[in-house]
file input32.txt (compact mmCIF, C-alpha atoms)
# COMPACT_ATOMS: atom_id res chain seq x y z
CA MET A 25 -78.65 -62.82 -168.72
CA THR A 26 -79.95 -64.33 -171.99
CA HIS A 27 -83.69 -64.04 -172.34
CA ALA A 28 -85.78 -66.86 -173.71
CA THR A 29 -86.57 -66.49 -177.41
CA PRO A 30 -90.23 -66.24 -178.46
CA GLU A 31 -89.83 -69.62 -180.21
CA ARG A 32 -88.69 -71.21 -176.98
CA LEU A 33 -91.58 -69.73 -175.03
CA ASN A 34 -94.00 -70.99 -177.68
CA GLU A 35 -92.46 -74.44 -177.57
CA TYR A 36 -92.69 -74.44 -173.79
CA LEU A 37 -96.34 -73.44 -173.94
CA ASP A 38 -97.16 -76.09 -176.53
CA GLY A 39 -95.35 -78.79 -174.58
CA TRP A 40 -92.59 -79.33 -177.12
CA LEU A 41 -89.63 -78.93 -174.78
CA GLU A 42 -87.90 -82.00 -173.43
CA ALA A 43 -87.65 -82.36 -169.65
CA GLU A 44 -84.18 -80.88 -169.53
CA GLY A 45 -85.05 -77.85 -171.66
CA ARG A 46 -88.22 -77.33 -169.68
CA ALA A 47 -86.40 -77.41 -166.37
CA GLU A 48 -83.81 -74.99 -167.69
CA LEU A 49 -86.43 -72.54 -168.90
CA GLU A 50 -88.42 -72.80 -165.69
CA ALA A 51 -85.31 -71.99 -163.72
CA HIS A 52 -84.81 -68.94 -165.91
CA LEU A 53 -88.44 -67.90 -165.60
CA GLY A 54 -88.09 -68.04 -161.84
CA SER A 55 -85.57 -65.27 -161.94
CA CYS A 56 -86.60 -63.26 -165.04
CA ARG A 57 -89.66 -61.11 -164.80
CA ARG A 58 -89.52 -60.02 -168.44
CA CYS A 59 -89.67 -63.60 -169.74
CA ARG A 60 -92.39 -64.44 -167.23
CA ASP A 61 -94.48 -61.54 -168.51
CA GLU A 62 -93.83 -62.58 -172.11
CA LEU A 63 -94.97 -66.09 -171.37
CA GLU A 64 -98.02 -64.84 -169.50
CA GLU A 65 -99.04 -62.66 -172.43
CA LEU A 66 -98.62 -65.54 -174.82
CA ARG A 67 -100.63 -67.79 -172.56
CA ARG A 68 -103.42 -65.21 -172.41
CA LEU A 69 -103.53 -64.93 -176.18
CA VAL A 70 -103.72 -68.70 -176.66
CA ALA A 71 -106.44 -68.90 -174.01
CA GLN A 72 -108.45 -66.21 -175.80
CA LEU A 73 -108.11 -68.05 -179.09
CA GLY A 74 -109.27 -71.23 -177.42
CA LYS A 75 -112.37 -69.45 -176.18
CA LEU A 76 -113.51 -68.16 -179.55
CA PRO A 77 -116.91 -69.56 -180.48
CA ARG A 78 -116.54 -72.87 -182.25
CA ALA A 79 -119.89 -72.80 -183.98
CA GLY A 80 -121.29 -70.05 -186.17
CA ARG A 81 -124.68 -69.25 -187.63
CA PRO A 82 -125.02 -68.81 -191.39
CA ARG A 83 -127.26 -66.00 -192.71
CA HIS A 84 -129.97 -68.45 -193.58
CA ASP A 85 -130.77 -72.10 -193.17
CA LEU A 86 -128.53 -74.08 -195.50
CA TRP A 87 -130.35 -77.35 -194.93
CA PRO A 88 -132.88 -77.11 -197.80
CA GLU A 89 -130.05 -76.80 -200.32
CA VAL A 90 -128.10 -79.64 -198.68
CA ALA A 91 -131.23 -81.81 -198.69
CA THR A 92 -131.86 -81.06 -202.35
CA ARG A 93 -128.34 -82.02 -203.25
CA THR A 94 -128.43 -85.22 -201.24
CA LEU A 95 -131.70 -86.76 -200.09
CA ARG A 96 -133.86 -85.46 -202.88
CA ARG A 97 -131.33 -86.08 -205.60
CA ARG A 98 -133.32 -89.15 -206.54
CA PRO A 99 -135.35 -91.60 -204.54
CA ARG A 100 -133.26 -94.48 -203.31
CA THR A 101 -134.52 -97.98 -202.80
CA GLU A 102 -134.11 -99.96 -199.61
CA ALA A 103 -131.79 -102.40 -201.34
CA GLU A 104 -129.66 -99.64 -202.77
CA ILE A 105 -129.21 -98.04 -199.38
CA ALA A 106 -128.25 -101.36 -197.86
CA VAL A 107 -125.51 -101.94 -200.41
CA ARG A 108 -124.29 -98.38 -200.54
CA PHE A 109 -123.72 -98.17 -196.83
CA ARG A 110 -122.26 -101.51 -196.28
CA ASP A 111 -118.99 -102.95 -197.39
CA TRP A 112 -119.11 -106.72 -197.81
CA ARG A 113 -117.31 -108.34 -194.98
CA ARG A 114 -113.67 -108.68 -196.00
CA LEU A 115 -111.97 -111.95 -195.49
CA ARG A 116 -110.48 -112.08 -192.04
CA LEU A 117 -109.59 -115.68 -191.44
CA SER A 118 -108.77 -116.46 -187.86
CA LEU A 119 -106.22 -119.10 -188.80
CA PRO A 120 -102.73 -118.39 -187.50
CA GLN A 121 -100.14 -117.50 -190.14
CA ALA A 122 -98.59 -120.94 -190.28
CA ALA A 123 -101.91 -122.66 -190.63
CA ALA A 124 -103.00 -120.21 -193.33
CA ALA A 125 -99.84 -120.95 -195.27
CA ALA A 126 -100.52 -124.64 -194.92
CA VAL A 127 -104.01 -124.09 -196.24
CA LEU A 128 -102.61 -122.34 -199.27
CA VAL A 129 -100.06 -125.02 -199.94
CA GLY A 130 -102.78 -127.59 -199.64
CA LEU A 131 -105.02 -125.63 -201.93
CA LEU A 132 -102.35 -125.08 -204.51
CA ALA A 133 -101.40 -128.73 -204.41
CA GLY A 134 -105.01 -129.60 -205.02
CA GLY A 135 -105.27 -126.94 -207.72
CA THR A 136 -108.43 -125.54 -206.20
CA VAL A 137 -107.52 -121.95 -205.41
CA TRP A 138 -107.41 -120.94 -209.05
CA LEU A 139 -109.69 -118.03 -209.56
CA ALA A 140 -111.32 -117.27 -212.85
CA LEU A 141 -110.62 -113.60 -213.36
CA GLY A 142 -110.75 -111.21 -216.26
CA GLY A 143 -107.52 -110.15 -217.91
CA SER A 144 -105.08 -111.05 -220.60
CA ASP A 145 -102.74 -113.97 -220.49
CA GLY A 146 -99.71 -113.26 -218.40
CA GLU A 147 -101.26 -110.25 -216.69
CA PRO A 148 -100.55 -110.46 -212.97
CA VAL A 149 -103.80 -110.67 -211.07
CA GLY A 150 -104.13 -109.32 -207.58
CA SER A 151 -101.24 -106.91 -207.77
CA GLY A 152 -103.14 -103.89 -208.91
CA GLY A 153 -106.79 -104.66 -208.66
CA VAL A 154 -109.12 -106.34 -211.05
CA SER A 155 -110.79 -104.92 -214.07
CA GLY A 156 -114.53 -105.30 -213.81
CA ASP A 157 -115.00 -105.27 -217.57
CA ALA A 158 -116.62 -108.09 -219.36
CA THR A 159 -113.79 -110.08 -220.81
CA PRO A 160 -113.43 -111.85 -224.12
CA HIS A 161 -111.76 -114.78 -222.41
CA LEU A 162 -110.81 -115.87 -218.93
CA VAL A 163 -107.50 -116.81 -217.46
CA THR A 164 -106.92 -118.63 -214.22
CA THR A 165 -104.30 -117.44 -211.80
CA PRO A 166 -103.36 -118.70 -208.36
CA VAL A 167 -103.60 -116.06 -205.62
CA GLY A 168 -102.63 -115.85 -201.95
CA LEU A 169 -104.93 -114.82 -199.13
CA GLU A 170 -103.74 -111.22 -199.18
CA ALA A 171 -104.25 -110.85 -202.92
CA TYR A 172 -107.61 -112.54 -202.64
CA ASP A 173 -108.68 -110.06 -200.00
CA ARG A 174 -107.61 -107.19 -202.23
CA ILE A 175 -109.51 -108.59 -205.20
CA VAL A 176 -112.68 -108.94 -203.14
CA SER A 177 -112.25 -105.41 -201.86
CA ASP A 178 -111.74 -103.98 -205.37
CA LEU A 179 -114.74 -105.79 -206.77
CA THR A 180 -116.85 -104.67 -203.81
CA ARG A 181 -115.85 -101.07 -204.35
CA GLN A 182 -116.78 -101.31 -208.01
CA LEU A 183 -120.11 -102.83 -207.12
CA ASN A 184 -120.89 -100.18 -204.53
CA ARG A 185 -119.93 -97.39 -206.90
CA ARG A 186 -122.35 -98.48 -209.58
CA VAL A 187 -125.02 -100.15 -207.54
CA GLY A 188 -127.55 -97.46 -208.43
CA GLU A 189 -127.58 -98.74 -212.00
CA LEU A 190 -128.89 -102.16 -210.96
CA ASP A 191 -132.41 -103.37 -210.51
CA PRO A 192 -133.16 -103.37 -206.74
CA ARG A 193 -134.27 -107.02 -206.94
CA THR A 194 -130.92 -107.95 -208.43
CA VAL A 195 -129.16 -106.04 -205.68
CA ALA A 196 -131.14 -107.88 -203.02
CA ALA A 197 -130.31 -111.24 -204.62
CA ILE A 198 -126.60 -110.41 -204.80
CA GLN A 199 -126.67 -109.31 -201.19
CA ALA A 200 -128.35 -112.53 -200.07
CA ASN A 201 -125.84 -114.66 -202.01
CA LEU A 202 -122.86 -112.87 -200.55
CA GLU A 203 -124.27 -113.21 -197.05
CA ILE A 204 -124.57 -116.96 -197.50
CA ILE A 205 -121.05 -117.31 -198.90
CA ASP A 206 -119.55 -115.16 -196.14
CA ALA A 207 -121.28 -117.23 -193.50
CA ALA A 208 -119.94 -120.41 -195.13
CA ILE A 209 -116.39 -119.04 -195.26
CA LEU A 210 -116.48 -118.15 -191.59
CA GLU A 211 -117.88 -121.54 -190.70
CA ILE A 212 -115.20 -123.42 -192.66
CA ASP A 213 -112.56 -121.15 -191.17
CA ALA A 214 -113.72 -122.09 -187.69
CA ALA A 215 -113.62 -125.78 -188.59
CA LEU A 216 -110.13 -125.41 -190.11
CA ALA A 217 -108.90 -123.78 -186.93
CA ARG A 218 -109.68 -127.06 -185.20
CA ASP A 219 -108.39 -129.26 -188.02
CA PRO A 220 -105.97 -127.28 -190.22
CA GLY A 221 -104.78 -130.20 -192.29
CA ASN A 222 -108.19 -131.46 -193.36
CA PRO A 223 -108.07 -131.65 -197.19
CA TYR A 224 -111.85 -131.65 -197.56
CA LEU A 225 -112.18 -128.42 -195.54
CA ASN A 226 -109.32 -126.85 -197.47
CA ALA A 227 -110.94 -127.60 -200.78
CA TYR A 228 -114.32 -126.48 -199.50
CA LEU A 229 -112.87 -123.16 -198.31
CA ALA A 230 -111.22 -122.58 -201.68
CA ARG A 231 -114.48 -123.26 -203.46
CA ALA A 232 -116.35 -120.79 -201.24
CA MET A 233 -113.67 -118.12 -201.76
CA ARG A 234 -113.77 -118.64 -205.51
CA LYS A 235 -117.54 -118.51 -205.47
CA LYS A 236 -117.49 -115.16 -203.70
CA VAL A 237 -115.22 -113.62 -206.32
CA ASP A 238 -117.38 -115.12 -209.01
CA VAL A 239 -120.57 -113.62 -207.56
CA LEU A 240 -118.94 -110.22 -207.14
CA ARG A 241 -117.55 -110.31 -210.65
CA ARG A 242 -120.85 -111.37 -212.17
CA ALA A 243 -122.61 -108.71 -210.10
CA SER A 244 -120.55 -105.98 -211.69
CA PRO A 245 -123.05 -103.66 -213.38
CA ALA A 246 -121.51 -104.21 -216.83
CA HIS A 247 -122.37 -107.89 -216.60
CA THR A 248 -125.67 -107.54 -214.88
CA ILE A 249 -127.14 -104.75 -216.93
CA GLU A 250 -126.22 -106.64 -220.07
CA ARG A 251 -128.06 -109.64 -218.74
CA GLN A 252 -131.07 -107.55 -217.70
CA ARG A 253 -131.30 -106.21 -221.24
CA SER A 254 -131.05 -109.58 -222.94
CA MET B 28 -101.76 -89.82 -186.77
CA ASP B 29 -104.01 -91.32 -184.15
CA VAL B 30 -102.24 -89.40 -181.43
CA ALA B 31 -102.52 -86.22 -183.40
CA VAL B 32 -106.26 -86.55 -183.60
CA VAL B 33 -106.74 -86.77 -179.87
CA THR B 34 -106.84 -83.07 -179.15
CA ALA B 35 -109.10 -82.31 -182.04
CA THR B 36 -111.33 -85.14 -180.96
CA HIS B 37 -111.40 -83.89 -177.44
CA ARG B 38 -112.38 -80.41 -178.46
CA ALA B 39 -114.66 -81.54 -181.25
CA GLY B 40 -116.67 -84.12 -179.38
CA SER B 41 -120.02 -82.96 -178.19
CA ALA B 42 -121.63 -84.71 -175.31
CA GLY B 43 -124.89 -84.93 -177.18
CA GLU B 44 -123.39 -86.59 -180.19
CA SER B 45 -125.66 -89.30 -181.28
CA ALA B 46 -124.12 -92.49 -182.53
CA ASP B 47 -127.65 -93.61 -183.09
CA ALA B 48 -128.32 -90.79 -185.55
CA VAL B 49 -125.22 -91.80 -187.49
CA LYS B 50 -126.41 -95.40 -187.73
CA ARG B 51 -129.88 -94.32 -188.79
CA ALA B 52 -128.46 -91.94 -191.38
CA GLN B 53 -126.26 -94.75 -192.70
CA ALA B 54 -129.38 -96.84 -193.04
CA GLY B 55 -130.82 -94.11 -195.24
CA GLU B 56 -133.09 -92.28 -192.79
CA ALA B 57 -133.40 -88.74 -194.07
CA ALA B 58 -134.45 -87.28 -190.71
CA ALA B 59 -131.34 -88.71 -189.07
CA PHE B 60 -129.11 -87.10 -191.67
CA GLU B 61 -130.86 -83.81 -191.02
CA ASP B 62 -130.21 -84.28 -187.28
CA LEU B 63 -126.53 -84.74 -188.00
CA TYR B 64 -126.53 -81.64 -190.16
CA ARG B 65 -128.29 -79.60 -187.47
CA GLU B 66 -125.88 -80.77 -184.80
CA HIS B 67 -122.68 -80.18 -186.73
CA HIS B 68 -123.22 -77.50 -189.37
CA GLY B 69 -122.41 -74.61 -187.02
CA ARG B 70 -118.91 -75.85 -186.45
CA VAL B 71 -118.32 -76.53 -190.13
CA TYR B 72 -119.62 -73.09 -191.02
CA ALA B 73 -117.45 -71.40 -188.38
CA LEU B 74 -114.30 -73.02 -189.70
CA SER B 75 -115.28 -72.30 -193.30
CA LEU B 76 -115.94 -68.64 -192.57
CA ARG B 77 -112.72 -68.07 -190.67
CA MET B 78 -110.62 -69.92 -193.21
CA LEU B 79 -112.20 -68.56 -196.38
CA ARG B 80 -113.08 -65.11 -194.95
CA ASP B 81 -116.09 -64.82 -197.21
CA GLU B 82 -119.65 -65.38 -196.07
CA GLU B 83 -121.01 -66.60 -199.38
CA GLN B 84 -118.13 -68.96 -199.97
CA ALA B 85 -118.37 -70.25 -196.41
CA GLU B 86 -122.05 -71.08 -196.90
CA GLU B 87 -121.38 -72.76 -200.19
CA MET B 88 -118.45 -74.65 -198.64
CA THR B 89 -120.62 -75.82 -195.74
CA GLN B 90 -123.20 -77.20 -198.15
CA GLU B 91 -120.52 -78.87 -200.21
CA ILE B 92 -119.02 -80.48 -197.12
CA PHE B 93 -122.36 -81.94 -196.07
CA VAL B 94 -122.90 -83.30 -199.56
CA GLN B 95 -119.53 -85.02 -199.17
CA VAL B 96 -120.52 -86.24 -195.72
CA TYR B 97 -123.64 -87.77 -197.21
CA GLU B 98 -121.72 -89.44 -199.98
CA LYS B 99 -119.04 -90.80 -197.67
CA LEU B 100 -121.24 -91.69 -194.73
CA GLY B 101 -121.05 -95.34 -195.70
CA SER B 102 -117.31 -95.37 -195.17
CA PHE B 103 -117.59 -94.13 -191.57
CA ARG B 104 -116.98 -97.20 -189.44
CA GLY B 105 -117.03 -95.68 -186.00
CA ASP B 106 -113.28 -96.01 -185.39
CA SER B 107 -113.31 -92.39 -184.25
CA ARG B 108 -116.13 -90.14 -183.09
CA PHE B 109 -118.38 -89.00 -185.88
CA SER B 110 -117.62 -85.35 -185.10
CA THR B 111 -113.90 -86.04 -185.46
CA TRP B 112 -114.42 -87.81 -188.77
CA LEU B 113 -116.62 -85.02 -190.05
CA HIS B 114 -114.26 -82.31 -188.89
CA ARG B 115 -111.35 -84.00 -190.57
CA LEU B 116 -113.33 -84.23 -193.80
CA ALA B 117 -114.36 -80.56 -193.50
CA THR B 118 -110.81 -79.40 -192.84
CA ASN B 119 -109.48 -81.28 -195.86
CA ALA B 120 -112.21 -79.88 -198.09
CA ILE B 121 -111.50 -76.32 -196.93
CA LEU B 122 -107.74 -76.67 -197.31
CA ASN B 123 -108.27 -78.03 -200.81
CA ARG B 124 -110.45 -75.06 -201.67
CA LEU B 125 -107.81 -72.69 -200.33
CA ARG B 126 -105.12 -74.39 -202.38
CA LYS B 127 -107.17 -74.05 -205.55
CA ARG B 128 -108.04 -70.48 -204.79
CA LYS B 129 -104.43 -69.61 -204.15
CA ARG B 130 -103.45 -71.02 -207.50
CA ARG B 131 -106.11 -68.92 -209.19
CA ALA B 132 -105.59 -65.51 -207.61
CA ARG B 133 -102.98 -64.15 -205.30
CA HIS B 134 -105.15 -61.18 -204.34
CA HIS B 135 -107.25 -63.51 -202.22
CA ASP B 136 -104.34 -63.63 -199.82
CA ARG B 137 -105.38 -60.27 -198.47
CA LEU B 138 -108.63 -59.60 -196.67
CA GLN B 139 -110.65 -57.85 -199.36
CA ASP B 140 -113.27 -56.01 -197.39
CA GLU B 141 -112.72 -55.74 -193.66
CA LYS B 142 -116.07 -54.12 -192.99
CA ARG B 143 -118.00 -56.78 -194.86
CA TYR B 144 -116.07 -59.55 -193.17
CA GLY B 145 -116.68 -57.92 -189.79
CA GLN B 146 -120.42 -57.96 -190.45
CA ALA B 147 -120.30 -61.59 -191.45
CA ILE B 148 -118.40 -62.46 -188.29
CA ARG B 149 -120.87 -60.55 -186.13
CA ARG B 150 -123.78 -62.37 -187.73
CA ALA B 151 -122.11 -65.72 -187.29
CA PHE B 152 -120.75 -65.17 -183.78
CA PRO B 153 -122.64 -62.35 -182.02
CA GLU B 154 -120.65 -62.88 -178.82
CA THR B 155 -117.18 -63.08 -180.26
CA ARG B 156 -114.20 -60.79 -179.71
CA MET B 157 -114.27 -58.76 -182.90
CA ALA B 158 -110.76 -57.29 -182.62
CA LEU B 159 -109.29 -60.76 -182.32
CA GLU B 160 -111.37 -62.14 -185.21
CA VAL B 161 -110.34 -59.32 -187.53
CA ALA B 162 -106.69 -59.61 -186.49
CA ILE B 163 -106.80 -63.32 -187.32
CA ALA B 164 -108.38 -62.61 -190.69
CA GLN B 165 -105.54 -60.23 -191.49
CA LEU B 166 -102.81 -62.76 -190.84
CA PRO B 167 -100.85 -63.88 -193.87
CA PRO B 168 -101.94 -67.10 -195.55
CA GLY B 169 -100.34 -70.17 -194.07
CA ALA B 170 -99.93 -68.54 -190.68
CA ARG B 171 -103.68 -67.93 -190.46
CA GLU B 172 -104.63 -71.48 -191.35
CA VAL B 173 -102.12 -72.97 -188.92
CA LEU B 174 -103.25 -70.70 -186.08
CA LEU B 175 -106.92 -71.48 -186.69
CA LEU B 176 -106.33 -75.21 -186.85
CA HIS B 177 -104.06 -75.30 -183.81
CA ASP B 178 -105.23 -72.65 -181.38
CA VAL B 179 -108.91 -72.47 -182.28
CA GLU B 180 -109.74 -75.94 -183.56
CA GLY B 181 -107.33 -77.88 -181.39
CA PHE B 182 -105.47 -79.89 -184.02
CA ARG B 183 -101.91 -80.92 -183.24
CA TYR B 184 -98.85 -79.83 -185.18
CA ARG B 185 -98.35 -83.20 -186.76
CA GLU B 186 -101.87 -83.50 -188.10
CA ILE B 187 -101.79 -79.94 -189.43
CA ALA B 188 -98.52 -80.71 -191.22
CA GLU B 189 -100.09 -83.80 -192.78
CA ARG B 190 -103.25 -82.03 -193.84
CA MET B 191 -101.46 -79.01 -195.23
CA GLY B 192 -98.76 -81.12 -196.85
CA THR B 193 -96.02 -79.17 -195.15
CA ALA B 194 -93.13 -79.86 -192.78
CA LEU B 195 -93.60 -79.97 -189.03
CA GLY B 196 -91.01 -77.23 -188.60
CA THR B 197 -92.93 -75.00 -191.00
CA VAL B 198 -96.12 -75.47 -189.02
CA LYS B 199 -94.30 -74.56 -185.84
CA SER B 200 -92.74 -71.42 -187.27
CA GLN B 201 -96.01 -70.36 -188.93
CA LEU B 202 -97.81 -70.72 -185.63
CA HIS B 203 -95.21 -68.73 -183.72
CA ARG B 204 -95.26 -66.06 -186.39
CA ALA B 205 -99.05 -65.90 -186.31
CA ARG B 206 -99.11 -65.48 -182.55
CA ALA B 207 -96.45 -62.77 -182.67
CA LEU B 208 -98.36 -60.89 -185.37
CA LEU B 209 -101.59 -61.22 -183.43
CA ARG B 210 -100.01 -59.82 -180.29
CA GLU B 211 -98.63 -56.96 -182.30
CA ALA B 212 -101.99 -56.23 -183.93
CA LEU B 213 -103.89 -56.40 -180.67
CA SER B 214 -101.51 -54.17 -178.78
CA ALA B 215 -101.49 -51.48 -181.50
call {"tool": "encode", "arguments": {"input": "input32.txt", "output": "structure tokens"}}
result
Amino acid sequence: MTHATPERLNEYLDGWLEAEGRAELEAHLGSCRRCRDELEELRRLVAQLGKLPRAGRPRHDLWPEVATRTLRRRPRTEAEIAVRFRDWRRLRLSLPQAAAAAVLVGLLAGGTVWLALGGSDGEPVGSGGVSGDATPHLVTTPVGLEAYDRIVSDLTRQLNRRVGELDPRTVAAIQANLEIIDAAILEIDAALARDPGNPYLNAYLARAMRKKVDVLRRASPAHTIERQRS
Amino acid sequence: MDVAVVTATHRAGSAGESADAVKRAQAGEAAAFEDLYREHHGRVYALSLRMLRDEEQAEEMTQEIFVQVYEKLGSFRGDSRFSTWLHRLATNAILNRLRKRKRRARHHDRLQDEKRYGQAIRRAFPETRMALEVAIAQLPPGAREVLLLHDVEGFRYREIAERMGTALGTVKSQLHRARALLREALSA
């Protein structure tokens, strides 16, 4: 009789054997005491490991050090906390794919989805994120919904990373502006769901989307701090 | 990935976990962050101590992990339980530390001072089975981490493979090897 290998017993215990292999092994176990004992020992060991205490006590309270390195690092303003812990709502238009495509076509035809973004001429925008640097000149590039979403996300990340450098009042103003624009986008989106071909709504949506990028871009600390200084 | 997290989540989740404390901490309430620390630090410390096998380093690691938790709290969106999210973050941080340490000095592969480690374990877990703890600490690197993550912490093979950047088959064989070595050590 061929005994079960330790690997097979382990696999059986961890539920890795297929039904056929399991049935085969169980049949063998029914008639082989040695393999049964092996399995039982293995099972006992795994059970003991599972019962080891999951929480341990350090020699001393580590909280004061953690608190010093986090909470007391520097006082944080209400506005800073609000921005730090909140990602601006990303664009999630409810329009079905076909309708969204129609919106884009409409927008492109009307020339209204051109976003003013930093970069050099010919540099693809939206493929690898957006530089938040102040730019010597602006180029306009058409972008799709997916690229737009990515741009907004990149700019938001940049803003959140450096939000501590901004005046809290500026942060609050940016936050309020973005809230208003987001609400408008959602509202237009809902209206477009009812009337996808409406050119006025299409143009209005494009304007709101462009405005959001513009606010985020202008809110980038490089821009804002410069303005605060001047 | 989601499936792999289930076991860890199941074992990690504490009934008293407070989603409210997470929200309050995200809103910047210092006391809420302290509550989260108090509720979860024991588990983070336990894993750090068993993985790093050094009391001082485990304490320092625990602090470091909670600093990371604080910094990343804003990115927690509640898709999983907070304890699962935190445990995942802790495991990654510890594995990273081990990787760096391994690159620096091979001698860390062996348990340096069994007596000292035994004292640290007794302080951390007064009720634990010492022989088993010491036998685990003496396992070779790789096998020890896999065994701790699978049999003690409840992670699944697949997630361990992802976190350790190794093949599923390697995880399996490391685990089987670890169990065999443990049985040998305990029966000696």
call {"tool": "closest_residue", "arguments": {"input": "input32.txt", "among": "A:Ala232, A:Leu225, A:Val237, A:Val195", "to": "Ala207 (chain A)", "atoms": "all atoms listed in the file"}}
result
A:Ala232
call {"tool": "residues_around", "arguments": {"input": "input32.txt", "residues": "Glu82 (chain B)", "least_positions_apart": "3", "cutoff": "12 Å", "atoms": "all atoms listed in the file", "output": "ChimeraX atom specification"}}
result
/A:80-84 /B:72-79,85-89,140,143-151
call {"tool": "residues_around", "arguments": {"input": "input32.txt", "residues": "Phe103 (chain B)", "least_positions_apart": "2", "cutoff": "10 Å", "atoms": "all atoms listed in the file", "output": "list in words"}}
result
Phe109 and Arg110 of chain A; Val49, Lys50, Gln53, Val96, Lys99, Leu100, Gly101, Gly105, Asp106, Ser107, Arg108, Phe109, Trp112 and Leu113 of chain B
call {"tool": "write_last_selection", "arguments": {"input": "input32.txt", "atoms": "C-alpha atoms", "output": "PDB file, keeping the file's coordinate frame"}}
result
ATOM      1  CA  PHE A 109    -123.720 -98.170-196.830  1.00  0.00           C
ATOM      2  CA  ARG A 110    -122.260-101.510-196.280  1.00  0.00           C
TER       3      ARG A 110
ATOM      4  CA  VAL B  49    -125.220 -91.800-187.490  1.00  0.00           C
ATOM      5  CA  LYS B  50    -126.410 -95.400-187.730  1.00  0.00           C
ATOM      6  CA  GLN B  53    -126.260 -94.750-192.700  1.00  0.00           C
ATOM      7  CA  VAL B  96    -120.520 -86.240-195.720  1.00  0.00           C
ATOM      8  CA  LYS B  99    -119.040 -90.800-197.670  1.00  0.00           C
ATOM      9  CA  LEU B 100    -121.240 -91.690-194.730  1.00  0.00           C
ATOM     10  CA  GLY B 101    -121.050 -95.340-195.700  1.00  0.00           C
ATOM     11  CA  GLY B 105    -117.030 -95.680-186.000  1.00  0.00           C
ATOM     12  CA  ASP B 106    -113.280 -96.010-185.390  1.00  0.00           C
ATOM     13  CA  SER B 107    -113.310 -92.390-184.250  1.00  0.00           C
ATOM     14  CA  ARG B 108    -116.130 -90.140-183.090  1.00  0.00           C
ATOM     15  CA  PHE B 109    -118.380 -89.000-185.880  1.00  0.00           C
ATOM     16  CA  TRP B 112    -114.420 -87.810-188.770  1.00  0.00           C
ATOM     17  CA  LEU B 113    -116.620 -85.020-190.050  1.00  0.00           C
TER      18      LEU B 113
END
call {"tool": "closest_residue", "arguments": {"input": "input32.txt", "among": "A:Ile204, A:Val90, A:Leu229, A:Ala215", "to": "chain B", "atoms": "all atoms listed in the file"}}
result
A:Val90
call {"tool": "closest_atom_pairs", "arguments": {"input": "input32.txt", "of": "chain B", "to": "chain A", "cutoff": "9 Å", "atoms": "all atoms listed in the file", "output": "tab-separated table"}}
result
residue	atom	partner	partner_atom	distance
B:Ala39	CA	A:Arg78	CA	8.9
B:Gln53	CA	A:Phe109	CA	5.9
B:Ala54	CA	A:Ile105	CA	6.5
B:Gly55	CA	A:Ile105	CA	5.9
B:Ala57	CA	A:Leu95	CA	6.6
B:Phe60	CA	A:Leu95	CA	8.8
B:Glu61	CA	A:Trp87	CA	7.6
B:Tyr64	CA	A:Trp87	CA	7.5
B:Arg65	CA	A:Trp87	CA	8.1
B:His67	CA	A:Ala79	CA	8.4
B:His68	CA	A:Ala79	CA	7.9
B:Gly69	CA	A:Ala79	CA	4.3
B:Arg70	CA	A:Ala79	CA	4.0
B:Val71	CA	A:Ala79	CA	7.4
B:Tyr72	CA	A:Gly80	CA	6.0
B:Ala73	CA	A:Gly80	CA	4.6
B:Leu74	CA	A:Arg78	CA	7.8
B:Leu76	CA	A:Gly80	CA	8.5
B:Glu82	CA	A:Pro82	CA	7.9
B:Ala85	CA	A:Pro82	CA	8.5
B:Glu86	CA	A:Pro82	CA	6.7
B:Glu87	CA	A:Leu86	CA	8.7
B:Thr89	CA	A:Leu86	CA	8.1
B:Gln90	CA	A:Val90	CA	5.5
B:Glu91	CA	A:Val90	CA	7.8
B:Phe93	CA	A:Val90	CA	6.7
B:Val94	CA	A:Thr94	CA	6.1
B:Tyr97	CA	A:Thr94	CA	6.8
B:Glu98	CA	A:Thr94	CA	8.0
B:Lys99	CA	A:Phe109	CA	8.8
B:Leu100	CA	A:Phe109	CA	7.2
B:Gly101	CA	A:Phe109	CA	4.1
B:Ser102	CA	A:Phe109	CA	7.2
B:Ala147	CA	A:Arg83	CA	8.3
B:Ile148	CA	A:Gly80	CA	8.4
B:Arg150	CA	A:Arg81	CA	6.9
B:Ala151	CA	A:Arg81	CA	4.4
B:Phe152	CA	A:Gly80	CA	5.5
B:Pro153	CA	A:Gly80	CA	8.9
B:Glu154	CA	A:Pro77	CA	7.8
B:Thr155	CA	A:Leu76	CA	6.3
B:Arg156	CA	A:Leu76	CA	7.4
B:Leu159	CA	A:Leu73	CA	8.1
B:Glu160	CA	A:Leu76	CA	8.5
B:Leu174	CA	A:Leu73	CA	8.9
B:Leu175	CA	A:Leu73	CA	8.4
B:Asp178	CA	A:Gly74	CA	5.8
B:Val179	CA	A:Gly74	CA	5.0
B:Glu180	CA	A:Arg78	CA	7.6
B:Gly181	CA	A:Gly74	CA	8.0
B:Lys199	CA	A:Glu35	CA	8.5
B:Ser200	CA	A:Glu31	CA	7.8
B:Leu202	CA	A:Asn34	CA	8.8
B:His203	CA	A:Glu31	CA	6.5
B:Arg204	CA	A:Glu31	CA	9.0
B:Arg206	CA	A:Leu66	CA	7.7
B:Ala207	CA	A:Pro30	CA	8.3
B:Leu209	CA	A:Leu69	CA	8.4
B:Arg210	CA	A:Leu69	CA	7.4
call {"tool": "atom_distance", "arguments": {"input": "input32.txt", "atom1": "CA of Glu189 (chain B)", "atom2": "CA of Lys127 (chain B)"}}
result
17.6 Å
call {"tool": "closest_residue", "arguments": {"input": "input32.txt", "among": "B:Ala52, B:Ala58, B:Leu122, B:Ile163", "to": "Ala188 (chain B)", "atoms": "only C-alpha atoms"}}
result
B:Leu122
